file coords.cif (mmCIF, C-alpha atoms)
data_data
#
loop_
_atom_site.label_atom_id
_atom_site.label_comp_id
_atom_site.auth_asym_id
_atom_site.auth_seq_id
_atom_site.Cartn_x
_atom_site.Cartn_y
_atom_site.Cartn_z
CA MET H 296 -12.32 -25.80 6.09
CA VAL H 297 -12.28 -22.18 7.23
CA LYS H 298 -9.38 -20.60 9.11
CA THR H 299 -10.27 -18.52 12.14
CA VAL H 300 -8.14 -16.21 14.25
CA GLY H 301 -9.92 -15.19 17.40
CA LYS H 302 -13.36 -13.96 16.36
CA TYR H 303 -12.27 -13.42 12.75
CA GLN H 304 -12.89 -15.77 9.85
CA VAL H 305 -9.88 -15.36 7.57
CA GLY H 306 -10.19 -15.63 3.80
CA ARG H 307 -8.07 -15.05 0.76
CA THR H 308 -5.07 -12.78 0.29
CA ILE H 309 -6.11 -9.35 -0.99
CA GLY H 310 -2.72 -7.67 -0.91
CA GLU H 311 0.96 -7.96 -0.13
CA GLY H 312 2.50 -5.19 1.94
CA THR H 313 5.98 -4.37 3.14
CA PHE H 314 5.50 -6.43 6.27
CA GLY H 315 3.53 -9.42 5.02
CA LYS H 316 0.30 -10.55 3.44
CA VAL H 317 -3.04 -8.81 3.85
CA LYS H 318 -6.07 -11.09 4.20
CA LEU H 319 -9.77 -10.44 3.86
CA ALA H 320 -11.55 -11.32 7.10
CA ILE H 321 -15.01 -11.23 8.61
CA ASN H 322 -15.85 -10.43 12.21
CA THR H 323 -18.06 -13.39 13.13
CA GLU H 324 -19.81 -11.36 15.84
CA ASN H 325 -21.17 -8.60 13.61
CA GLY H 326 -20.37 -9.61 9.99
CA GLU H 327 -18.09 -6.61 9.41
CA LYS H 328 -15.46 -7.10 6.71
CA MET H 329 -11.92 -6.28 7.81
CA ALA H 330 -8.36 -6.44 6.52
CA ILE H 331 -5.87 -8.48 8.56
CA LYS H 332 -2.15 -7.90 8.11
CA VAL H 333 -0.21 -11.06 8.95
CA LEU H 334 3.30 -10.41 10.28
CA ASP H 335 5.95 -13.03 10.94
CA LYS H 336 7.22 -12.73 14.51
CA SER H 337 10.59 -14.18 13.55
CA ILE H 338 11.59 -11.06 11.61
CA ILE H 339 10.50 -8.61 14.29
CA GLN H 340 13.41 -7.25 16.25
CA ARG H 341 11.77 -7.40 19.66
CA GLN H 342 9.94 -10.69 19.56
CA ASN H 343 9.03 -10.64 23.23
CA MET H 344 6.57 -7.78 22.58
CA GLY H 345 8.03 -5.78 25.43
CA ALA H 346 6.59 -2.71 27.11
CA GLN H 347 7.82 -0.19 24.53
CA VAL H 348 6.35 -2.09 21.57
CA LYS H 349 3.07 -2.57 23.42
CA ARG H 350 2.98 1.14 24.19
CA GLU H 351 3.47 1.98 20.51
CA ILE H 352 0.71 -0.42 19.50
CA SER H 353 -1.63 0.94 22.17
CA ILE H 354 -1.13 4.44 20.73
CA MET H 355 -1.73 3.20 17.18
CA LYS H 356 -4.99 1.59 18.31
CA LEU H 357 -6.17 4.88 19.81
CA VAL H 358 -5.31 6.94 16.71
CA ARG H 359 -8.47 8.30 15.08
CA HIS H 360 -8.00 10.43 12.00
CA PRO H 361 -10.01 10.59 8.76
CA TYR H 362 -6.87 10.18 6.63
CA VAL H 363 -5.27 7.28 8.52
CA VAL H 364 -6.30 3.62 8.30
CA GLN H 365 -7.68 2.62 11.68
CA LEU H 366 -6.02 -0.23 13.57
CA LYS H 367 -8.86 -2.05 15.35
CA GLU H 368 -7.15 -4.88 17.18
CA VAL H 369 -3.83 -6.74 17.47
CA LEU H 370 -3.67 -10.50 18.04
CA ALA H 371 -0.59 -12.67 18.45
CA SER H 372 0.03 -16.39 18.12
CA SER H 373 3.27 -18.23 18.82
CA SER H 374 4.61 -17.37 15.34
CA LYS H 375 2.45 -14.59 13.88
CA ILE H 376 1.08 -11.17 14.68
CA PHE H 377 -2.32 -10.24 13.25
CA LEU H 378 -3.17 -6.57 12.83
CA VAL H 379 -6.90 -6.12 12.28
CA CYS H 380 -7.58 -2.94 10.30
CA GLU H 381 -10.52 -1.28 8.61
CA LEU H 382 -11.02 -2.46 5.03
CA ILE H 383 -10.31 0.27 2.47
CA THR H 384 -11.99 -0.19 -0.91
CA GLY H 385 -10.79 2.62 -3.18
CA GLY H 386 -7.40 1.27 -4.24
CA GLU H 387 -3.89 2.65 -3.93
CA LEU H 388 -2.84 6.17 -4.82
CA PHE H 389 -0.20 4.48 -6.97
CA ASP H 390 -2.92 3.06 -9.23
CA LYS H 391 -4.40 6.52 -9.61
CA ILE H 392 -0.99 7.87 -10.66
CA VAL H 393 -0.56 5.10 -13.25
CA GLU H 394 -4.08 5.72 -14.53
CA LYS H 395 -3.69 9.52 -14.82
CA GLN H 396 0.04 9.43 -15.73
CA ARG H 397 0.44 12.63 -13.75
CA PHE H 398 -1.74 15.03 -11.78
CA THR H 399 -2.45 18.69 -12.26
CA GLU H 400 -1.24 20.87 -9.41
CA ASP H 401 -4.80 21.22 -8.07
CA GLU H 402 -5.23 17.43 -8.07
CA ALA H 403 -1.84 16.92 -6.43
CA ARG H 404 -2.69 19.51 -3.77
CA PHE H 405 -5.94 17.67 -3.00
CA TYR H 406 -4.19 14.40 -2.17
CA PHE H 407 -1.08 15.94 -0.64
CA ARG H 408 -3.01 18.19 1.74
CA GLN H 409 -4.78 15.13 3.12
CA LEU H 410 -1.47 13.29 3.37
CA LEU H 411 -0.01 16.27 5.22
CA GLU H 412 -2.94 16.36 7.66
CA GLY H 413 -2.65 12.65 8.43
CA MET H 414 1.12 12.75 8.80
CA GLU H 415 1.05 15.76 11.09
CA TYR H 416 -1.52 14.12 13.33
CA CYS H 417 0.44 10.88 13.70
CA HIS H 418 3.74 12.71 14.24
CA SER H 419 2.01 14.66 17.02
CA GLN H 420 1.32 11.30 18.67
CA GLY H 421 4.96 10.24 18.39
CA VAL H 422 4.27 7.73 15.61
CA CYS H 423 6.41 7.84 12.45
CA HIS H 424 5.85 5.91 9.24
CA ARG H 425 9.37 5.26 7.83
CA ASP H 426 8.04 3.48 4.73
CA LEU H 427 5.92 6.16 3.12
CA LYS H 428 5.20 5.71 -0.62
CA PRO H 429 2.13 5.83 -2.90
CA GLU H 430 1.55 2.09 -2.42
CA ASN H 431 0.96 2.76 1.30
CA ILE H 432 -1.47 5.58 0.60
CA LEU H 433 -4.90 4.09 0.00
CA LEU H 434 -8.11 5.77 -1.14
CA ASP H 435 -11.50 5.21 0.44
CA GLY H 436 -14.76 4.83 -1.48
CA ALA H 437 -15.07 8.63 -1.73
CA GLY H 438 -11.53 9.02 -3.10
CA ASN H 439 -10.01 10.45 0.08
CA VAL H 440 -6.57 9.51 1.39
CA LYS H 441 -6.11 6.72 3.94
CA ILE H 442 -2.49 6.28 5.06
CA SER H 443 -1.74 2.60 5.62
CA ASP H 444 0.92 0.76 7.65
CA PHE H 445 1.49 3.74 9.95
CA GLY H 446 3.79 2.79 12.79
CA LEU H 447 4.51 -0.75 11.56
CA SER H 448 8.15 0.13 10.99
CA ASN H 449 8.38 0.84 14.71
CA LEU H 450 7.95 -2.89 15.32
CA TYR H 451 11.03 -3.49 13.20
CA SER H 452 13.13 -0.67 14.62
CA GLY H 453 16.27 -2.37 15.81
CA GLY H 454 19.48 -2.69 13.86
CA ASP H 455 19.69 -0.37 10.87
CA ASP H 456 21.19 -3.21 8.81
CA GLU H 457 18.03 -5.26 9.30
CA ALA H 458 15.84 -2.28 8.44
CA LEU H 459 17.73 -1.72 5.18
CA LYS H 460 17.61 -5.42 4.44
CA LEU H 461 13.84 -5.23 4.77
CA LEU H 462 13.76 -2.32 2.33
CA HIS H 463 15.81 -4.20 -0.22
CA THR H 464 14.01 -7.51 0.02
CA THR H 465 10.36 -6.51 0.31
CA CYS H 466 10.02 -2.96 -0.95
CA GLY H 467 12.19 -3.15 -4.05
CA THR H 468 14.58 -0.24 -4.51
CA PRO H 469 14.36 2.41 -1.78
CA ASN H 470 13.42 5.31 -4.09
CA TYR H 471 11.44 7.09 -1.39
CA VAL H 472 13.94 6.64 1.44
CA ALA H 473 15.76 9.63 2.97
CA PRO H 474 19.57 9.97 2.66
CA GLU H 475 20.12 9.70 6.40
CA VAL H 476 18.31 6.34 6.46
CA LEU H 477 20.51 5.01 3.65
CA ALA H 478 23.60 6.33 5.47
CA ASP H 479 23.12 3.66 8.15
CA LYS H 480 23.11 6.21 10.98
CA GLY H 481 20.63 7.28 13.60
CA TYR H 482 17.90 9.51 12.22
CA ASP H 483 14.73 11.39 13.12
CA GLY H 484 11.83 9.36 11.74
CA ARG H 485 9.71 12.49 11.34
CA MET H 486 12.20 14.18 9.03
CA ALA H 487 12.70 10.93 7.11
CA ASP H 488 8.93 10.95 6.53
CA VAL H 489 9.15 14.54 5.27
CA TRP H 490 11.72 13.50 2.64
CA SER H 491 9.44 10.67 1.48
CA MET H 492 6.57 13.13 1.22
CA GLY H 493 8.71 15.32 -1.04
CA VAL H 494 9.37 12.37 -3.34
CA ILE H 495 5.64 11.59 -3.38
CA LEU H 496 4.75 15.19 -4.30
CA TYR H 497 7.27 15.04 -7.15
CA VAL H 498 5.76 11.76 -8.39
CA LEU H 499 2.21 13.17 -8.22
CA LEU H 500 3.21 16.09 -10.44
CA ALA H 501 5.68 14.32 -12.74
CA GLY H 502 4.31 10.81 -13.08
CA PHE H 503 7.77 9.35 -12.48
CA LEU H 504 10.40 9.22 -9.74
CA PRO H 505 13.03 11.91 -9.11
CA PHE H 506 15.57 9.21 -8.22
CA ASP H 507 15.41 6.12 -10.42
CA GLU H 508 18.60 4.33 -11.44
CA PRO H 509 19.17 0.66 -12.39
CA SER H 510 22.34 0.57 -10.30
CA MET H 511 21.73 0.59 -6.55
CA SER H 512 25.01 2.41 -5.85
CA THR H 513 24.15 5.13 -8.38
CA LEU H 514 20.66 5.43 -6.94
CA PHE H 515 22.03 5.83 -3.41
CA SER H 516 24.54 8.45 -4.58
CA LYS H 517 21.85 10.51 -6.30
CA ILE H 518 19.54 10.32 -3.29
CA GLN H 519 22.31 11.34 -0.89
CA ALA H 520 23.22 14.32 -3.10
CA ALA H 521 19.58 15.17 -3.93
CA ASP H 522 20.65 14.98 -7.57
CA PHE H 523 17.49 15.29 -9.66
CA SER H 524 15.88 17.59 -12.23
CA TYR H 525 12.40 18.95 -12.92
CA PRO H 526 10.17 18.48 -15.96
CA ARG H 527 9.36 21.72 -17.74
CA TRP H 528 5.71 21.79 -16.56
CA PHE H 529 6.54 22.21 -12.85
CA SER H 530 5.51 25.67 -11.64
CA PRO H 531 7.99 27.87 -9.72
CA GLU H 532 5.94 27.31 -6.53
CA ALA H 533 6.05 23.52 -6.92
CA ARG H 534 9.80 23.59 -7.55
CA SER H 535 10.29 25.86 -4.55
CA VAL H 536 8.51 23.60 -2.05
CA ILE H 537 10.18 20.42 -3.35
CA ASP H 538 13.59 22.13 -3.34
CA ARG H 539 13.13 22.80 0.36
CA ILE H 540 11.92 19.28 1.17
CA LEU H 541 14.44 17.20 -0.79
CA VAL H 542 17.42 18.56 1.14
CA PRO H 543 20.07 15.99 2.16
CA ASP H 544 20.61 17.57 5.59
CA PRO H 545 17.44 16.81 7.62
CA LYS H 546 18.11 19.84 9.83
CA GLN H 547 17.73 22.11 6.78
CA ARG H 548 14.61 20.33 5.51
CA LEU H 549 11.17 21.88 5.85
CA THR H 550 9.19 20.69 8.84
CA LEU H 551 5.53 19.81 8.34
CA ALA H 552 4.53 23.13 9.93
CA GLN H 553 6.80 25.04 7.53
CA MET H 554 5.51 22.99 4.63
CA LYS H 555 1.93 24.01 5.47
CA ALA H 556 2.92 27.69 5.37
CA HIS H 557 4.50 27.48 1.89
CA PRO H 558 2.83 29.57 -0.89
CA PHE H 559 2.32 26.41 -2.98
CA TRP H 560 -0.80 25.66 -0.90
CA GLU H 561 -2.37 29.07 -1.47
CA ALA H 562 -3.50 28.19 -4.99
CA GLY H 563 -6.36 25.86 -5.83
CA THR H 564 -9.70 25.16 -4.21
CA ALA H 565 -9.00 21.99 -2.23
CA VAL H 566 -9.75 21.65 1.47
CA GLU H 567 -7.92 23.97 3.81
CA ILE H 568 -5.14 22.61 6.00
CA SER H 569 -6.04 22.61 9.68
CA SER H 570 -4.00 24.83 11.97
CA SER H 571 -5.20 23.23 15.21
CA THR H 572 -2.93 21.14 17.42
CA PRO H 573 -4.41 17.76 18.42
CA ASP H 574 -4.22 16.48 21.98
CA VAL H 575 -1.45 13.96 22.53
CA ILE H 576 -2.74 10.45 23.18
CA VAL H 577 -1.52 9.02 26.48
CA PRO H 578 -2.63 5.39 26.84
CA THR H 579 -3.42 4.07 30.31
CA GLU H 580 -1.38 1.23 31.76
CA ALA H 581 -4.38 -1.06 31.23
CA GLU H 582 -4.50 -0.09 27.55
CA VAL H 583 -0.77 -0.78 27.23
CA ASP H 584 -1.10 -4.16 28.94
CA SER H 585 -3.97 -5.18 26.66
CA ALA H 586 -2.46 -3.74 23.47
CA VAL H 587 -1.71 -7.21 22.10
CA GLN H 588 -3.96 -10.19 22.74
CA GLU H 589 -1.46 -13.03 23.09
CA GLY H 590 -2.00 -16.76 22.69
CA VAL H 591 -4.47 -16.60 19.81
CA GLU H 592 -3.63 -19.59 17.63
CA PRO H 593 -5.24 -19.91 14.17
CA GLU H 594 -7.74 -22.75 13.91
CA LYS H 595 -9.41 -24.55 11.03
CA THR H 596 -13.09 -25.27 11.48
CA GLU H 597 -15.79 -27.07 9.53
CA GLN H 598 -17.92 -23.94 9.59
CA SER H 599 -19.25 -22.97 6.18
CA GLY H 600 -17.30 -19.94 5.05
CA THR H 601 -18.64 -16.75 3.52
CA ILE H 602 -15.33 -15.78 1.93
CA GLU H 603 -14.17 -18.78 -0.12
CA PRO H 604 -14.28 -19.86 -2.89
CA PRO H 605 -13.63 -16.56 -4.66
CA SER H 606 -16.38 -15.21 -6.89
CA VAL H 607 -17.05 -11.95 -8.70
CA GLY H 608 -19.46 -10.95 -5.92
CA ASP H 609 -16.73 -11.51 -3.35
CA MET H 610 -14.32 -9.50 -5.47
CA GLU H 611 -16.73 -6.56 -5.59
CA HIS H 612 -17.08 -6.54 -1.79
CA SER H 613 -13.39 -6.46 -1.04
CA SER H 614 -11.59 -5.27 -4.13
CA THR H 615 -10.11 -1.89 -4.74
CA ARG H 616 -12.20 -1.10 -7.83
CA ARG H 617 -14.64 1.32 -6.24
CA GLY H 618 -13.93 4.94 -6.98
CA SER H 619 -11.03 4.34 -9.34
CA VAL H 620 -10.34 2.51 -12.55
CA ARG H 621 -8.30 -0.62 -11.82
CA LEU H 622 -5.60 -1.30 -14.38
CA ASN H 623 -4.97 -4.81 -13.10
CA THR H 624 -8.41 -6.42 -13.35
CA PHE H 625 -10.38 -7.56 -16.36
CA GLU H 626 -13.51 -9.55 -17.18
CA THR H 627 -13.82 -12.53 -19.50
CA MET H 628 -16.61 -14.80 -20.74
CA LEU H 629 -14.37 -17.89 -20.87
CA ASP H 630 -15.14 -20.78 -18.52
CA PRO H 631 -12.78 -21.30 -15.54
CA ALA H 632 -10.67 -24.05 -17.11
CA GLU H 633 -10.20 -22.01 -20.29
CA ILE H 634 -9.27 -18.91 -18.30
CA VAL H 635 -6.49 -20.68 -16.39
CA SER H 636 -5.23 -22.40 -19.55
CA THR H 637 -5.22 -19.15 -21.55
CA LEU H 638 -3.45 -17.25 -18.77
CA THR H 639 -0.85 -20.00 -18.47
CA THR H 640 -0.06 -19.85 -22.19
CA ALA H 641 0.14 -16.03 -22.21
CA LEU H 642 2.43 -15.92 -19.19
CA GLN H 643 4.74 -18.56 -20.62
CA GLU H 644 4.98 -16.56 -23.85
CA MET H 645 6.06 -13.56 -21.75
CA GLY H 646 8.87 -15.62 -20.21
CA CYS H 647 7.33 -16.14 -16.77
CA GLU H 648 8.04 -19.02 -14.43
CA LEU H 649 4.72 -20.38 -13.14
CA ARG H 650 2.97 -22.34 -10.43
CA VAL H 651 -0.66 -23.17 -11.22
CA PHE H 652 -3.19 -23.90 -8.46
CA GLU H 653 -6.17 -25.29 -10.36
CA ALA H 654 -8.32 -26.00 -7.30
CA SER H 655 -8.33 -22.34 -6.30
CA ASN H 656 -8.13 -20.88 -9.84
CA LYS H 657 -4.88 -19.14 -9.02
CA ILE H 658 -1.53 -18.73 -10.78
CA LYS H 659 1.71 -17.47 -9.21
CA ALA H 660 4.28 -16.16 -11.67
CA CYS H 661 7.65 -14.43 -11.62
CA LEU H 662 9.43 -12.51 -14.37
CA MET H 663 12.85 -10.89 -14.62
CA THR H 664 12.61 -7.24 -15.72
CA ALA H 665 15.04 -4.37 -16.27
CA LYS H 666 14.59 -3.47 -12.59
CA GLY H 667 14.81 -6.95 -11.14
CA MET H 668 12.41 -9.77 -10.48
CA ILE H 669 8.69 -9.12 -10.11
CA GLY H 670 6.32 -11.63 -8.59
CA VAL H 671 2.61 -11.65 -9.46
CA VAL H 672 -0.48 -13.55 -8.41
CA LEU H 673 -3.38 -14.00 -10.85
CA GLN H 674 -6.69 -14.87 -9.20
CA VAL H 675 -9.80 -15.86 -11.15
CA TYR H 676 -13.13 -14.85 -9.57
CA LEU H 677 -15.87 -17.05 -10.98
CA SER H 678 -19.04 -15.70 -12.53
CA ASP H 679 -21.99 -15.29 -10.16
CA GLY H 680 -24.42 -16.62 -12.77
CA ALA H 681 -24.91 -17.87 -16.31
CA GLY H 682 -24.18 -15.24 -18.93
CA SER H 683 -22.14 -13.11 -16.52
CA PRO H 684 -18.39 -12.62 -16.97
CA SER H 685 -15.77 -13.94 -14.60
CA MET H 686 -13.10 -11.55 -13.34
CA VAL H 687 -9.32 -11.88 -13.24
CA GLU H 688 -7.22 -9.83 -10.82
CA VAL H 689 -3.47 -9.49 -11.32
CA ARG H 690 -1.82 -8.65 -8.00
CA ARG H 691 1.80 -7.66 -7.39
CA GLY H 692 3.62 -9.86 -4.90
CA LYS H 693 7.06 -8.27 -5.02
CA GLY H 694 9.25 -6.10 -7.19
CA ASP H 695 9.11 -2.69 -8.85
CA ASN H 696 5.60 -1.23 -9.17
CA LEU H 697 6.19 0.52 -12.49
CA GLU H 698 7.55 -2.70 -14.00
CA PHE H 699 4.46 -4.46 -12.65
CA SER H 700 2.24 -1.89 -14.37
CA LYS H 701 4.09 -2.47 -17.66
CA PHE H 702 3.62 -6.20 -17.17
CA CYS H 703 -0.16 -5.78 -16.69
CA LYS H 704 -0.40 -3.54 -19.74
CA GLU H 705 1.42 -6.02 -21.98
CA LEU H 706 -0.56 -8.97 -20.63
CA MET H 707 -3.99 -7.40 -21.12
CA GLU H 708 -3.44 -5.25 -24.19
CA THR H 709 -1.15 -7.56 -26.16
CA LYS H 710 -1.50 -11.16 -24.99
CA LEU H 711 -5.15 -11.30 -23.94
CA THR H 712 -6.93 -8.96 -26.36
CA ASP H 713 -9.19 -11.76 -27.63
CA VAL H 714 -10.38 -12.87 -24.18
CA VAL H 715 -10.84 -9.57 -22.33
CA HIS H 716 -14.57 -8.81 -22.19
CA LYS H 717 -15.31 -5.52 -23.96
CA THR H 718 -17.46 -4.12 -21.15
CA THR H 719 -14.46 -4.32 -18.83
CA VAL H 720 -13.61 -0.89 -20.18
CA ASP H 721 -17.10 0.31 -21.05
CA ASN H 722 -18.61 -0.36 -17.62
CA VAL H 723 -15.91 0.98 -15.32
CA GLY H 724 -16.92 4.03 -13.34
CA GLU H 725 -15.35 7.41 -13.85
CA PRO H 726 -12.36 8.19 -11.63
CA VAL H 727 -13.08 10.10 -8.47
CA ALA H 728 -12.74 13.84 -8.97
CA ALA H 729 -9.77 15.34 -7.21
CA ALA H 730 -11.60 18.30 -5.81
#
call {"tool": "encode", "arguments": {"input": "coords.cif", "output": "structure tokens"}}
result
Amino acid sequence: MVKTVGKYQVGRTIGEGTFGKVKLAINTENGEKMAIKVLDKSIIQRQNMGAQVKREISIMKLVRHPYVVQLKEVLASSSKIFLVCELITGGELFDKIVEKQRFTEDEARFYFRQLLEGMEYCHSQGVCHRDLKPENILLDGAGNVKISDFGLSNLYSGGDDEALKLLHTTCGTPNYVAPEVLADKGYDGRMADVWSMGVILYVLLAGFLPFDEPSMSTLFSKIQAADFSYPRWFSPEARSVIDRILVPDPKQRLTLAQMKAHPFWEAGTAVEISSSTPDVIVPTEAEVDSAVQEGVEPEKTEQSGTIEPPSVGDMEHSSTRRGSVRLNTFETMLDPAEIVSTLTTALQEMGCELRVFEASNKIKACLMTAKGMIGVVLQVYLSDGAGSPSMVEVRRGKGDNLEFSKFCKELMETKLTDVVHKTTVDNVGEPVAAA
């Protein structure tokens, strides 16, 4: 049985975002692979999809920028909202940070300039992000930035309590969130985005967070006071620009225009930052009215699917391995039953609680860490032929990303050393150059 939503054939989960699961899908009219974000209507503040929300979505659908993930279509059923987006295959910027440990200033400038371009464009259209972090910054096949989930927070903009609850329950600790957001007061979403960008720049250069405390109250206090320090390798120019971004008072914080003029960007050879001002998108009333296609209920059909069951070939089409080394995938020559059994034993030895789904070669696990509970999904992609390895992907479901990375490292380098196929490392492509 294959699930369909409108003209899209919906397959397996390929990611878990702030607002729900991300599914691989195929447009049955042209065969194009897409990503569909599935949102639960019940947690959206304005469930009736009123005029303001439709206007915001209509703008998001018209946004066209090389550094922003394109929203193609929005469908709605009685209980879900489906956001159909372009499929990005280069992974998350977060994975690149974990892989490199930290970037040189030239490398950081390369990614941050693109982030700055994309953010400035969307702000010019009146769309703020409000949940900006490396996990929401994807990379395309060429290694360029693609900002994901832009504007989705607007759908949840209602009571601040509910917004903070969302941060705590689905994003882990709010390390990237601006002080004024944590203060439970009204705030300018653009300046909140600027703060998050400052934290991201720090992480690119340091390899760790400026604000990272096990106690939530201590973390909040340090964020609200901008209480952090610099590693010794930060240049004076890098310290200067971050000092002027991570300012508790948003009125004293650098704007994006001021950020672009800072001397930090004068060094290096990365692409120049555009100085042009884009035209403001003004959707027509017809575009607003048709922003969300209502009444599209998911159906299960007998049609033979092209997405399930998962195989290595399927993984290569939709995974995030292209252009970057994935730290959370590995190959093995074991047969499917042995793979699931071996993974189960290893996870139990690590203290995980498990649910095994043998029919789909999937394991869901959770583990308590120093920074709270992390949830993971392990999916086995079967070999495409005799003598070829199968692939295992370990995907984070919830919890702290750095703890998840430590979990993957221990699992693969300590618990599974005898089953990880040697060419997993030997055959991976070189990381995309930063400039």
call {"tool": "closest_atom_pairs", "arguments": {"input": "coords.cif", "of": "region 498-524 of chain H", "to": "region 531-547 of chain H", "cutoff": "12 Å", "atoms": "only C-alpha atoms", "output": "Markdown table"}}
result
| residue | atom | partner | partner_atom | distance |
| --- | --- | --- | --- | --- |
| H:Val498 | CA | H:Ile537 | CA | 11.0 |
| H:Leu499 | CA | H:Ala533 | CA | 11.1 |
| H:Leu500 | CA | H:Ala533 | CA | 8.7 |
| H:Ala501 | CA | H:Ala533 | CA | 10.9 |
| H:Pro505 | CA | H:Leu541 | CA | 10.0 |
| H:Phe506 | CA | H:Leu541 | CA | 11.0 |
| H:Phe515 | CA | H:Pro543 | CA | 11.8 |
| H:Ser516 | CA | H:Pro543 | CA | 11.1 |
| H:Lys517 | CA | H:Pro543 | CA | 10.2 |
| H:Ile518 | CA | H:Pro543 | CA | 7.9 |
| H:Gln519 | CA | H:Pro543 | CA | 6.0 |
| H:Ala520 | CA | H:Pro543 | CA | 6.4 |
| H:Ala521 | CA | H:Pro543 | CA | 6.2 |
| H:Asp522 | CA | H:Leu541 | CA | 9.5 |
| H:Phe523 | CA | H:Leu541 | CA | 9.6 |
| H:Ser524 | CA | H:Arg534 | CA | 9.7 |
call {"tool": "residues_around", "arguments": {"input": "coords.cif", "residues": "Met486 (chain H)", "least_positions_apart": "2", "cutoff": "8 Å", "atoms": "only C-alpha atoms", "output": "PyMOL selection string"}}
result
chain H and resi 483-484+488-490+545+548+550
call {"tool": "atom_distance", "arguments": {"input": "coords.cif", "atom1": "CA of Glu394 (chain H)", "atom2": "CA of Gly493 (chain H)"}}
result
20.9 Å
call {"tool": "resolve_selection", "arguments": {"input": "coords.cif", "expression": "the PyMOL selection byres ((chain H and resi 441) around 12)", "output": "PyMOL selection string"}}
result
chain H and resi 359-366+380-388+406-407+409-414+429-440+442-445
call {"tool": "atom_distance", "arguments": {"input": "coords.cif", "atom1": "CA of Leu427 (chain H)", "atom2": "CA of Lys332 (chain H)"}}
result
17.0 Å
call {"tool": "residues_around", "arguments": {"input": "coords.cif", "residues": "Val317 (chain H)", "least_positions_apart": "3", "cutoff": "9 Å", "atoms": "only C-alpha atoms", "output": "ChimeraX atom specification"}}
result
/H:307-312,330-333
call {"tool": "atom_distance", "arguments": {"input": "coords.cif", "atom1": "CA of Tyr482 (chain H)", "atom2": "CA of His424 (chain H)"}}
result
12.9 Å
call {"tool": "closest_residue", "arguments": {"input": "coords.cif", "among": "H:Glu327, H:Lys316, H:Val422, H:Ile495", "to": "Met355 (chain H)", "atoms": "all atoms listed in the file"}}
result
H:Val422
call {"tool": "resolve_selection", "arguments": {"input": "coords.cif", "expression": "the PyMOL selection byres ((chain H and resi 663) around 10)", "output": "PDB file with C-alpha atoms, in the coordinates of the input"}}
result
ATOM      1  CA  GLY H 646       8.870 -15.620 -20.210  1.00  0.00           C
ATOM      2  CA  CYS H 647       7.330 -16.140 -16.770  1.00  0.00           C
ATOM      3  CA  GLU H 648       8.040 -19.020 -14.430  1.00  0.00           C
ATOM      4  CA  CYS H 661       7.650 -14.430 -11.620  1.00  0.00           C
ATOM      5  CA  LEU H 662       9.430 -12.510 -14.370  1.00  0.00           C
ATOM      6  CA  THR H 664      12.610  -7.240 -15.720  1.00  0.00           C
ATOM      7  CA  ALA H 665      15.040  -4.370 -16.270  1.00  0.00           C
ATOM      8  CA  LYS H 666      14.590  -3.470 -12.590  1.00  0.00           C
ATOM      9  CA  GLY H 667      14.810  -6.950 -11.140  1.00  0.00           C
ATOM     10  CA  MET H 668      12.410  -9.770 -10.480  1.00  0.00           C
ATOM     11  CA  ILE H 669       8.690  -9.120 -10.110  1.00  0.00           C
ATOM     12  CA  GLY H 670       6.320 -11.630  -8.590  1.00  0.00           C
ATOM     13  CA  GLY H 694       9.250  -6.100  -7.190  1.00  0.00           C
ATOM     14  CA  GLU H 698       7.550  -2.700 -14.000  1.00  0.00           C
TER      15      GLU H 698
END
call {"tool": "closest_residue", "arguments": {"input": "coords.cif", "among": "H:Val369, H:Thr323, H:Ser419, H:Pro469", "to": "Ser512 (chain H)", "atoms": "only C-alpha atoms"}}
result
H:Pro469
call {"tool": "residues_around", "arguments": {"input": "coords.cif", "residues": "Ser683 (chain H)", "least_positions_apart": "6", "cutoff": "10 Å", "atoms": "all atoms listed in the file", "output": "list in words"}}
result
Val607, Glu626, Thr627, Met628 and Leu677 of chain H
call {"tool": "resolve_selection", "arguments": {"input": "coords.cif", "expression": "the PyMOL selection byres ((chain H and resi 704) around 12)", "output": "PyMOL selection string"}}
result
chain H and resi 393-394+621-625+689+697-703+705-712
call {"tool": "closest_residue", "arguments": {"input": "coords.cif", "among": "H:Leu496, H:Val379, H:Val300, H:Met329", "to": "Ile392 (chain H)", "atoms": "all atoms listed in the file"}}
result
H:Leu496
call {"tool": "decode", "arguments": {"input": "coords.cif", "residues": "region 381-386 of chain H", "atoms": "N, CA and C atoms", "output": "mmCIF file, in the first residue's frame"}}
result
data_model
loop_
_atom_site.group_PDB
_atom_site.id
_atom_site.type_symbol
_atom_site.label_atom_id
_atom_site.label_comp_id
_atom_site.auth_asym_id
_atom_site.auth_seq_id
_atom_site.Cartn_x
_atom_site.Cartn_y
_atom_site.Cartn_z
ATOM 1 N N GLU H 381 11.420 21.762 -2.152
ATOM 2 C CA GLU H 381 12.464 21.130 -2.949
ATOM 3 C C GLU H 381 13.308 20.225 -2.053
ATOM 4 N N LEU H 382 13.808 19.133 -2.619
ATOM 5 C CA LEU H 382 14.613 18.173 -1.877
ATOM 6 C C LEU H 382 16.073 18.608 -1.925
ATOM 7 N N ILE H 383 16.675 18.801 -0.766
ATOM 8 C CA ILE H 383 18.069 19.233 -0.662
ATOM 9 C C ILE H 383 18.924 18.033 -0.264
ATOM 10 N N THR H 384 20.024 17.809 -0.990
ATOM 11 C CA THR H 384 20.750 16.543 -0.846
ATOM 12 C C THR H 384 22.147 16.659 -0.250
ATOM 13 N N GLY H 385 22.547 17.832 0.217
ATOM 14 C CA GLY H 385 23.922 17.982 0.696
ATOM 15 C C GLY H 385 24.103 17.917 2.194
ATOM 16 N N GLY H 386 23.036 17.657 2.938
ATOM 17 C CA GLY H 386 23.166 17.531 4.388
ATOM 18 C C GLY H 386 22.936 18.837 5.120
#
